[in-house]
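J.: Hey, dropping coords-v9.cif in here, mmCIF, N, CA and C atoms and all ligand atoms:
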data_query
#
loop_
_atom_site.label_atom_id
_atom_site.label_comp_id
_atom_site.auth_asym_id
_atom_site.auth_seq_id
_atom_site.Cartn_x
_atom_site.Cartn_y
_atom_site.Cartn_z
N MET Y 206 144.48 -75.48 1.32
CA MET Y 206 144.43 -76.92 1.56
C MET Y 206 144.11 -77.65 0.26
N GLN Y 207 144.71 -78.83 0.07
CA GLN Y 207 144.50 -79.57 -1.17
C GLN Y 207 143.21 -80.38 -1.11
N PHE Y 208 142.74 -80.81 -2.30
CA PHE Y 208 141.61 -81.72 -2.36
C PHE Y 208 142.01 -83.04 -1.72
N LEU Y 209 141.15 -83.58 -0.87
CA LEU Y 209 141.40 -84.87 -0.25
C LEU Y 209 140.45 -85.88 -0.85
N GLY Y 210 141.03 -86.89 -1.47
CA GLY Y 210 140.24 -87.92 -2.11
C GLY Y 210 141.03 -88.48 -3.26
N ASP Y 211 140.38 -89.31 -4.06
CA ASP Y 211 141.06 -89.82 -5.26
C ASP Y 211 140.21 -89.45 -6.48
N THR Y 212 140.54 -90.03 -7.62
CA THR Y 212 139.84 -89.59 -8.83
C THR Y 212 138.37 -89.98 -8.81
N ASP Y 213 138.00 -90.97 -8.02
CA ASP Y 213 136.60 -91.42 -7.99
C ASP Y 213 135.78 -90.81 -6.87
N HIS Y 214 136.42 -90.58 -5.71
CA HIS Y 214 135.65 -90.18 -4.53
C HIS Y 214 136.38 -89.09 -3.76
N ALA Y 215 135.59 -88.18 -3.23
CA ALA Y 215 136.15 -87.26 -2.23
C ALA Y 215 136.33 -88.04 -0.92
N ALA Y 216 137.24 -87.56 -0.10
CA ALA Y 216 137.42 -88.20 1.22
C ALA Y 216 136.09 -88.19 1.97
N PRO Y 217 135.78 -89.28 2.67
CA PRO Y 217 134.52 -89.31 3.42
C PRO Y 217 134.56 -88.42 4.65
N ARG Y 218 133.40 -87.93 5.02
CA ARG Y 218 133.28 -87.26 6.32
C ARG Y 218 133.38 -88.32 7.42
N LEU Y 219 133.84 -87.92 8.58
CA LEU Y 219 133.96 -88.86 9.68
C LEU Y 219 132.63 -89.57 9.92
N ALA Y 220 131.54 -88.84 9.79
CA ALA Y 220 130.21 -89.41 10.04
C ALA Y 220 129.87 -90.54 9.08
N GLU Y 221 130.55 -90.56 7.94
CA GLU Y 221 130.20 -91.55 6.89
C GLU Y 221 131.33 -92.54 6.63
N ALA Y 222 132.43 -92.42 7.37
CA ALA Y 222 133.65 -93.13 6.98
C ALA Y 222 133.69 -94.59 7.42
N ARG Y 223 132.79 -95.01 8.32
CA ARG Y 223 132.73 -96.42 8.75
C ARG Y 223 134.08 -96.93 9.24
N LEU Y 224 134.62 -96.24 10.21
CA LEU Y 224 135.92 -96.62 10.76
C LEU Y 224 135.78 -97.80 11.71
N GLY Y 225 136.85 -98.61 11.79
CA GLY Y 225 136.93 -99.63 12.82
C GLY Y 225 137.37 -99.01 14.13
N ALA Y 226 137.35 -99.83 15.19
CA ALA Y 226 137.64 -99.31 16.53
C ALA Y 226 139.04 -98.70 16.63
N THR Y 227 140.02 -99.33 16.01
CA THR Y 227 141.39 -98.80 16.08
C THR Y 227 141.47 -97.43 15.42
N GLU Y 228 140.83 -97.32 14.28
CA GLU Y 228 140.86 -96.03 13.56
C GLU Y 228 140.09 -94.96 14.32
N ILE Y 229 139.00 -95.35 14.96
CA ILE Y 229 138.25 -94.36 15.76
C ILE Y 229 139.12 -93.82 16.88
N GLY Y 230 139.89 -94.71 17.50
CA GLY Y 230 140.82 -94.27 18.54
C GLY Y 230 141.86 -93.31 17.99
N ARG Y 231 142.37 -93.63 16.81
CA ARG Y 231 143.35 -92.73 16.17
C ARG Y 231 142.72 -91.39 15.82
N ALA Y 232 141.52 -91.45 15.29
CA ALA Y 232 140.81 -90.22 14.91
C ALA Y 232 140.61 -89.33 16.13
N ARG Y 233 140.28 -89.94 17.25
CA ARG Y 233 140.05 -89.18 18.48
C ARG Y 233 141.34 -88.50 18.94
N THR Y 234 142.44 -89.26 18.95
CA THR Y 234 143.73 -88.68 19.35
C THR Y 234 144.11 -87.52 18.43
N GLN Y 235 143.95 -87.73 17.14
CA GLN Y 235 144.30 -86.70 16.17
C GLN Y 235 143.41 -85.47 16.31
N LEU Y 236 142.11 -85.71 16.55
CA LEU Y 236 141.20 -84.57 16.70
C LEU Y 236 141.61 -83.72 17.91
N VAL Y 237 141.88 -84.38 19.03
CA VAL Y 237 142.26 -83.64 20.23
C VAL Y 237 143.54 -82.85 19.97
N ASP Y 238 144.52 -83.46 19.31
CA ASP Y 238 145.76 -82.74 18.97
C ASP Y 238 145.47 -81.53 18.08
N ASN Y 239 144.60 -81.74 17.09
CA ASN Y 239 144.24 -80.63 16.20
C ASN Y 239 143.56 -79.50 16.95
N LEU Y 240 142.70 -79.85 17.92
CA LEU Y 240 142.00 -78.81 18.67
C LEU Y 240 142.97 -78.03 19.56
N ARG Y 241 143.94 -78.74 20.15
CA ARG Y 241 144.97 -78.03 20.94
C ARG Y 241 145.72 -77.05 20.04
N TRP Y 242 146.07 -77.51 18.85
CA TRP Y 242 146.81 -76.66 17.93
C TRP Y 242 145.95 -75.46 17.52
N LEU Y 243 144.69 -75.73 17.18
CA LEU Y 243 143.80 -74.68 16.67
C LEU Y 243 143.57 -73.59 17.72
N VAL Y 244 143.27 -74.01 18.94
CA VAL Y 244 143.05 -73.03 20.01
C VAL Y 244 144.37 -72.30 20.31
N GLY Y 245 145.47 -73.04 20.26
CA GLY Y 245 146.78 -72.42 20.48
C GLY Y 245 147.09 -71.38 19.42
N ALA Y 246 146.56 -71.61 18.21
CA ALA Y 246 146.75 -70.65 17.12
C ALA Y 246 145.73 -69.51 17.20
N GLY Y 247 144.77 -69.62 18.13
CA GLY Y 247 143.86 -68.50 18.38
C GLY Y 247 142.47 -68.64 17.79
N PHE Y 248 142.09 -69.85 17.40
CA PHE Y 248 140.78 -70.01 16.74
C PHE Y 248 139.91 -71.07 17.40
N VAL Y 249 138.58 -70.81 17.30
CA VAL Y 249 137.58 -71.83 17.60
C VAL Y 249 136.83 -72.09 16.30
N HIS Y 250 136.64 -73.35 15.95
CA HIS Y 250 136.01 -73.69 14.67
C HIS Y 250 134.59 -73.16 14.59
N ALA Y 251 133.79 -73.45 15.61
CA ALA Y 251 132.43 -72.94 15.78
C ALA Y 251 131.38 -73.61 14.88
N ASP Y 252 131.77 -74.61 14.10
CA ASP Y 252 130.78 -75.43 13.40
C ASP Y 252 131.29 -76.87 13.33
N LEU Y 253 131.93 -77.29 14.41
CA LEU Y 253 132.60 -78.59 14.39
C LEU Y 253 131.58 -79.71 14.61
N SER Y 254 131.69 -80.72 13.78
CA SER Y 254 130.86 -81.92 13.93
C SER Y 254 131.49 -83.01 13.08
N ALA Y 255 130.94 -84.20 13.15
CA ALA Y 255 131.46 -85.32 12.35
C ALA Y 255 131.24 -85.09 10.86
N TYR Y 256 130.47 -84.05 10.49
CA TYR Y 256 130.28 -83.71 9.08
C TYR Y 256 131.31 -82.73 8.56
N ASN Y 257 132.02 -82.08 9.46
CA ASN Y 257 133.07 -81.16 9.04
C ASN Y 257 134.45 -81.70 9.42
N LEU Y 258 134.51 -83.01 9.51
CA LEU Y 258 135.79 -83.71 9.68
C LEU Y 258 135.89 -84.73 8.56
N LEU Y 259 137.01 -84.74 7.88
CA LEU Y 259 137.25 -85.75 6.84
C LEU Y 259 138.23 -86.77 7.37
N TRP Y 260 138.11 -87.99 6.86
CA TRP Y 260 139.06 -89.05 7.22
C TRP Y 260 139.68 -89.53 5.92
N TRP Y 261 141.01 -89.34 5.79
CA TRP Y 261 141.67 -89.71 4.55
C TRP Y 261 143.07 -90.22 4.84
N GLU Y 262 143.38 -91.43 4.35
CA GLU Y 262 144.70 -92.04 4.52
C GLU Y 262 145.16 -91.97 5.97
N ASP Y 263 144.23 -92.39 6.84
CA ASP Y 263 144.55 -92.52 8.27
C ASP Y 263 144.76 -91.19 8.98
N GLU Y 264 144.25 -90.12 8.38
CA GLU Y 264 144.38 -88.83 9.05
C GLU Y 264 143.05 -88.10 9.07
N ILE Y 265 142.86 -87.36 10.16
CA ILE Y 265 141.66 -86.53 10.27
C ILE Y 265 141.98 -85.12 9.79
N TRP Y 266 141.03 -84.52 9.14
CA TRP Y 266 141.18 -83.15 8.63
C TRP Y 266 139.95 -82.34 9.04
N LEU Y 267 140.19 -81.17 9.58
CA LEU Y 267 139.09 -80.26 9.88
C LEU Y 267 138.82 -79.43 8.63
N ILE Y 268 137.56 -79.30 8.27
CA ILE Y 268 137.18 -78.48 7.11
C ILE Y 268 136.09 -77.49 7.51
N ASP Y 269 135.76 -76.61 6.58
CA ASP Y 269 134.58 -75.75 6.70
C ASP Y 269 134.74 -74.71 7.82
N PHE Y 270 135.65 -73.78 7.58
CA PHE Y 270 136.02 -72.79 8.61
C PHE Y 270 135.37 -71.41 8.49
N PRO Y 271 134.41 -71.18 7.58
CA PRO Y 271 133.98 -69.77 7.42
C PRO Y 271 133.45 -69.13 8.69
N GLN Y 272 132.94 -69.91 9.63
CA GLN Y 272 132.39 -69.28 10.84
C GLN Y 272 133.34 -69.38 12.03
N ALA Y 273 134.60 -69.73 11.76
CA ALA Y 273 135.58 -69.79 12.86
C ALA Y 273 135.72 -68.40 13.51
N VAL Y 274 135.97 -68.39 14.81
CA VAL Y 274 136.07 -67.12 15.53
C VAL Y 274 137.41 -67.03 16.26
N ASP Y 275 137.78 -65.80 16.56
CA ASP Y 275 139.01 -65.53 17.30
C ASP Y 275 138.77 -65.82 18.78
N VAL Y 276 139.61 -66.67 19.33
CA VAL Y 276 139.37 -67.13 20.70
C VAL Y 276 139.60 -66.02 21.73
N THR Y 277 140.38 -65.01 21.39
CA THR Y 277 140.65 -63.96 22.39
C THR Y 277 139.70 -62.78 22.27
N THR Y 278 139.15 -62.52 21.09
CA THR Y 278 138.32 -61.31 20.94
C THR Y 278 136.83 -61.60 20.82
N ASN Y 279 136.44 -62.79 20.41
CA ASN Y 279 135.00 -63.06 20.26
C ASN Y 279 134.40 -63.41 21.62
N PRO Y 280 133.43 -62.63 22.09
CA PRO Y 280 132.89 -62.87 23.43
C PRO Y 280 132.17 -64.22 23.57
N HIS Y 281 131.81 -64.83 22.45
CA HIS Y 281 131.12 -66.13 22.50
C HIS Y 281 132.05 -67.31 22.20
N ALA Y 282 133.34 -67.04 22.06
CA ALA Y 282 134.26 -68.08 21.59
C ALA Y 282 134.20 -69.33 22.49
N PHE Y 283 134.16 -69.13 23.80
CA PHE Y 283 134.17 -70.31 24.68
C PHE Y 283 132.85 -71.07 24.62
N ASP Y 284 131.75 -70.33 24.37
CA ASP Y 284 130.46 -71.03 24.19
C ASP Y 284 130.50 -71.89 22.92
N TYR Y 285 131.05 -71.31 21.85
CA TYR Y 285 131.17 -72.08 20.61
C TYR Y 285 132.08 -73.29 20.81
N LEU Y 286 133.16 -73.06 21.54
CA LEU Y 286 134.10 -74.16 21.80
C LEU Y 286 133.38 -75.29 22.55
N HIS Y 287 132.60 -74.93 23.55
CA HIS Y 287 131.88 -75.94 24.33
C HIS Y 287 130.89 -76.70 23.45
N ARG Y 288 130.21 -75.96 22.58
CA ARG Y 288 129.26 -76.61 21.66
C ARG Y 288 129.99 -77.54 20.68
N ASP Y 289 131.10 -77.06 20.14
CA ASP Y 289 131.92 -77.91 19.25
C ASP Y 289 132.30 -79.22 19.95
N LEU Y 290 132.79 -79.08 21.17
CA LEU Y 290 133.24 -80.28 21.89
C LEU Y 290 132.06 -81.19 22.18
N GLY Y 291 130.92 -80.61 22.52
CA GLY Y 291 129.71 -81.43 22.75
C GLY Y 291 129.37 -82.26 21.52
N ASN Y 292 129.42 -81.63 20.34
CA ASN Y 292 129.10 -82.34 19.10
C ASN Y 292 130.04 -83.52 18.88
N VAL Y 293 131.32 -83.26 18.97
CA VAL Y 293 132.26 -84.35 18.64
C VAL Y 293 132.34 -85.38 19.78
N CYS Y 294 132.21 -84.94 21.02
CA CYS Y 294 132.24 -85.92 22.13
C CYS Y 294 131.04 -86.85 22.04
N THR Y 295 129.88 -86.31 21.68
CA THR Y 295 128.69 -87.15 21.53
C THR Y 295 128.90 -88.17 20.42
N TRP Y 296 129.48 -87.72 19.32
CA TRP Y 296 129.71 -88.63 18.20
C TRP Y 296 130.69 -89.73 18.60
N PHE Y 297 131.80 -89.34 19.23
CA PHE Y 297 132.80 -90.35 19.61
C PHE Y 297 132.24 -91.29 20.68
N ALA Y 298 131.47 -90.78 21.61
CA ALA Y 298 130.88 -91.66 22.64
C ALA Y 298 129.97 -92.69 21.99
N ARG Y 299 129.20 -92.27 20.99
CA ARG Y 299 128.32 -93.22 20.28
C ARG Y 299 129.11 -94.27 19.54
N HIS Y 300 130.36 -93.95 19.24
CA HIS Y 300 131.20 -94.90 18.51
C HIS Y 300 132.26 -95.53 19.42
N GLY Y 301 132.00 -95.53 20.70
CA GLY Y 301 132.81 -96.33 21.63
C GLY Y 301 134.06 -95.67 22.15
N GLU Y 302 134.24 -94.36 21.89
CA GLU Y 302 135.44 -93.66 22.36
C GLU Y 302 135.01 -92.49 23.24
N ALA Y 303 134.99 -92.71 24.53
CA ALA Y 303 134.59 -91.62 25.42
C ALA Y 303 135.68 -90.54 25.42
N ILE Y 304 135.26 -89.28 25.34
CA ILE Y 304 136.17 -88.15 25.54
C ILE Y 304 135.57 -87.37 26.70
N GLU Y 305 136.38 -87.08 27.71
CA GLU Y 305 135.87 -86.35 28.87
C GLU Y 305 135.75 -84.87 28.49
N LEU Y 306 134.53 -84.47 28.19
CA LEU Y 306 134.29 -83.13 27.65
C LEU Y 306 134.80 -82.03 28.59
N ASP Y 307 134.44 -82.13 29.86
CA ASP Y 307 134.80 -81.05 30.79
C ASP Y 307 136.32 -80.92 30.93
N ASP Y 308 137.02 -82.06 30.94
CA ASP Y 308 138.49 -82.02 31.05
C ASP Y 308 139.10 -81.38 29.81
N LEU Y 309 138.60 -81.80 28.64
CA LEU Y 309 139.16 -81.26 27.40
C LEU Y 309 138.85 -79.76 27.28
N TYR Y 310 137.63 -79.39 27.64
CA TYR Y 310 137.24 -77.98 27.60
C TYR Y 310 138.16 -77.15 28.51
N ALA Y 311 138.39 -77.63 29.72
CA ALA Y 311 139.26 -76.91 30.65
C ALA Y 311 140.68 -76.80 30.09
N GLU Y 312 141.16 -77.89 29.51
CA GLU Y 312 142.52 -77.87 28.95
C GLU Y 312 142.62 -76.85 27.81
N LEU Y 313 141.62 -76.83 26.94
CA LEU Y 313 141.68 -75.92 25.79
C LEU Y 313 141.54 -74.46 26.23
N ILE Y 314 140.71 -74.22 27.23
CA ILE Y 314 140.58 -72.85 27.75
C ILE Y 314 141.91 -72.40 28.36
N ALA Y 315 142.59 -73.34 29.02
CA ALA Y 315 143.90 -72.99 29.60
C ALA Y 315 144.89 -72.66 28.48
N ILE Y 316 144.85 -73.43 27.38
CA ILE Y 316 145.73 -73.12 26.25
C ILE Y 316 145.41 -71.73 25.70
N ALA Y 317 144.11 -71.44 25.56
CA ALA Y 317 143.71 -70.11 25.06
C ALA Y 317 144.23 -69.01 25.97
N GLY Y 318 144.20 -69.30 27.28
CA GLY Y 318 144.62 -68.30 28.25
C GLY Y 318 146.11 -68.00 28.23
N THR Y 319 146.90 -68.89 27.65
CA THR Y 319 148.34 -68.66 27.59
C THR Y 319 148.74 -67.85 26.37
N ARG Y 320 147.76 -67.49 25.54
CA ARG Y 320 148.10 -66.71 24.35
C ARG Y 320 148.44 -65.27 24.71
N1 LIG Y 401 137.33 -83.75 -0.04
C1 LIG Y 401 137.69 -82.51 0.32
N2 LIG Y 401 138.99 -82.14 0.23
C2 LIG Y 401 139.38 -80.89 0.60
N3 LIG Y 401 138.55 -79.96 1.08
C3 LIG Y 401 137.24 -80.25 1.20
C4 LIG Y 401 136.74 -81.55 0.84
N4 LIG Y 401 135.40 -81.55 1.07
C5 LIG Y 401 135.10 -80.32 1.54
N5 LIG Y 401 136.19 -79.54 1.63
C6 LIG Y 401 136.30 -78.15 2.09
O1 LIG Y 401 135.40 -77.87 3.11
C7 LIG Y 401 134.54 -76.78 2.73
C8 LIG Y 401 133.18 -77.03 3.29
O2 LIG Y 401 132.67 -78.21 2.82
P1 LIG Y 401 131.27 -78.73 3.31
O3 LIG Y 401 131.34 -79.08 4.75
O4 LIG Y 401 130.85 -79.79 2.36
O5 LIG Y 401 130.36 -77.44 3.09
P2 LIG Y 401 129.00 -77.00 3.74
O6 LIG Y 401 128.88 -77.65 5.09
O7 LIG Y 401 129.14 -75.51 3.80
O8 LIG Y 401 127.94 -77.46 2.79
C9 LIG Y 401 134.61 -76.75 1.22
O9 LIG Y 401 134.41 -75.47 0.74
C10 LIG Y 401 136.02 -77.19 0.97
O10 LIG Y 401 136.90 -76.10 1.12
MG MG Y 402 130.24 -78.44 6.31
#
Hey, can you dump this file as structure tokens for me?
T.:
Amino acid sequence: MQFLGDTDHAAPRLAEARLGATEIGRARTQLVDNLRWLVGAGFVHADLSAYNLLWWEDEIWLIDFPQAVDVTTNPHAFDYLHRDLGNVCTWFARHGEAIELDDLYAELIAIAGTR
């Protein structure tokens, strides 16, 4: 992955990016799409939070993957997934974008199950 930022600043973390309401909505849609893709590819991030998400040029980026786990072989993968979703759902709810955690969790588990 390339460096995200410009010559003066690294891309801000979502927690620090001071997005407006429209951008928060976009960030939420993009995050959910990324999580569908990630679980579909067989991984749970396992350290997901607004500090491991960057916002750059209207796009969200997931970073900091060293503790990512295999969704099919790690016995704790779904626990980590639930914790990840709790972190980001809490952050988005505080910023005016409710995400239905249980629905998203069920959807992602179903995606994992089709692997
Ligand atoms: N602005 C950025 N552009 C691209 N990748 C980044 C950027 N900031 C951080 N990363 C990537 O995310 C990894 C973890 O960053 P960070 O969350 O700051 O580390 P930690 O939480 O371990 O202190 C970095 O090693 C780097 O690969
Ligand atoms: Mg980090």
J.: Counting only C-alpha atoms, which residue out of Y:Ala232, Y:Met206, Y:Ala273, Y:Ala220 sits closest to Asn257 in chain Y?
T.: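 Nearest candidate to Asn257 in chain Y out of Y:Ala232, Y:Met206, Y:Ala273, Y:Ala220: Y:Ala220.
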J.: Would you mind listing, for every residue of chain Y within 9 Å of ligand LIG 401 (chain Y), the two atoms forming the shortest contact and the distance between them in Å to one decimal, using only C-alpha atoms and all ligand atoms, sorted by chain and ascending residue number, as a Markdown table?
T.:
| residue | atom | partner | partner_atom | distance |
| --- | --- | --- | --- | --- |
| Y:Met206 | CA | Y:LIG401 | C2 | 6.5 |
| Y:Gln207 | CA | Y:LIG401 | C2 | 5.6 |
| Y:Phe208 | CA | Y:LIG401 | N2 | 3.7 |
| Y:Leu209 | CA | Y:LIG401 | N2 | 3.7 |
| Y:Gly210 | CA | Y:LIG401 | N1 | 5.5 |
| Y:Asp211 | CA | Y:LIG401 | N1 | 8.8 |
| Y:His214 | CA | Y:LIG401 | N1 | 8.0 |
| Y:Ala215 | CA | Y:LIG401 | N1 | 4.3 |
| Y:Ala216 | CA | Y:LIG401 | N1 | 4.6 |
| Y:Pro217 | CA | Y:LIG401 | N1 | 7.1 |
| Y:Arg218 | CA | Y:LIG401 | N4 | 8.0 |
| Y:Asp252 | CA | Y:LIG401 | O6 | 8.8 |
| Y:Tyr256 | CA | Y:LIG401 | O3 | 6.4 |
| Y:Asn257 | CA | Y:LIG401 | O3 | 5.1 |
| Y:Leu258 | CA | Y:LIG401 | O3 | 8.1 |
| Y:Leu259 | CA | Y:LIG401 | N1 | 7.2 |
| Y:Trp261 | CA | Y:LIG401 | N1 | 8.7 |
| Y:Trp266 | CA | Y:LIG401 | C2 | 8.5 |
| Y:Leu267 | CA | Y:LIG401 | O1 | 8.1 |
| Y:Ile268 | CA | Y:LIG401 | O1 | 4.4 |
| Y:Asp269 | CA | Y:LIG401 | C8 | 3.9 |
| Y:Phe270 | CA | Y:LIG401 | C7 | 7.3 |
| Y:Pro271 | CA | Y:LIG401 | O7 | 8.3 |
J.: Between atom C of Thr278 in chain Y and atom N of Arg233 in chain Y, what is the distance in Å, rounded to a tenth?
T.: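 Those two atoms sit 28.8 Å apart.
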J.: Pick from Y:Val293, Y:Val274, Y:Gly318, Y:Ile265: nearest to Arg231 in chain Y, with only N, CA and C atoms counted?
T.: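 Among the listed residues, Y:Ile265 lies closest to Arg231 in chain Y.
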J.: Would you pick out the contacts of His300 in chain Y at 8 Å or less, using only N, CA and C atoms, so that residues sharing its chain but fewer than 5 positions from it are not included, and give the list as number ranges by chain?
T.: Y: 226, 229-230, 294-295
J.: Please return, as a PyMOL selection string, all residues of chain Y that DSSP assigns to helix (DSSP H, G or I) on the basis of the backbone.
T.: chain Y and resi 219-221+226-245+282-299+306-318
J.: So, counting all atoms listed in the file, which residue among Y:Leu290, Y:His281, Y:Ser254, Y:Leu306 is closest to ligand MG 402 (chain Y)?
T.: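 Closest candidate: Y:Ser254.
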J.: Write down as number ranges by chain the residues belonging to chain Y that are assigned strand (DSSP E) by DSSP computed on the backbone.
T.: Y: 248-249, 258-261, 264-267, 274-275
J.: CA of Tyr310 in chain Y and CA of Phe283 in chain Y, how far apart in Å?
T.: 8.8 Å
J.: So what do you get for CA of Asp238 in chain Y versus CA of Leu224 in chain Y, distance-wise?
T.: 18.9 Å
J.: Do a neighbour search on Thr277 in chain Y at 10 Å with only C-alpha atoms, toss out local chain neighbours closer than 2 positions, and write the hits as a PyMOL selection string.
T.: chain Y and resi 244+247-249+274-275+279-283+317-318+320
J.: List as a VMD selection string the protein and nucleic acid residues near Leu309 in chain Y, meaning an atom at most 12 Å away when only C-alpha atoms are counted, but skip any in the same chain fewer than 2 places from it.
T.: chain Y and resid 233 to 234 236 to 238 240 to 241 244 286 to 287 289 to 291 293 to 294 303 to 307 311 to 316
J.: Box in all listed atoms of range 236-241 of chain Y, axis-aligned, with 6 Å more on each side; write out centre and edge lengths in Å to one decimal as lines of an AutoDock Vina configuration file.
T.:
center_x = 143.5
center_y = -81.4
center_z = 18.6
size_x = 16.6
size_y = 20.7
size_z = 16.7
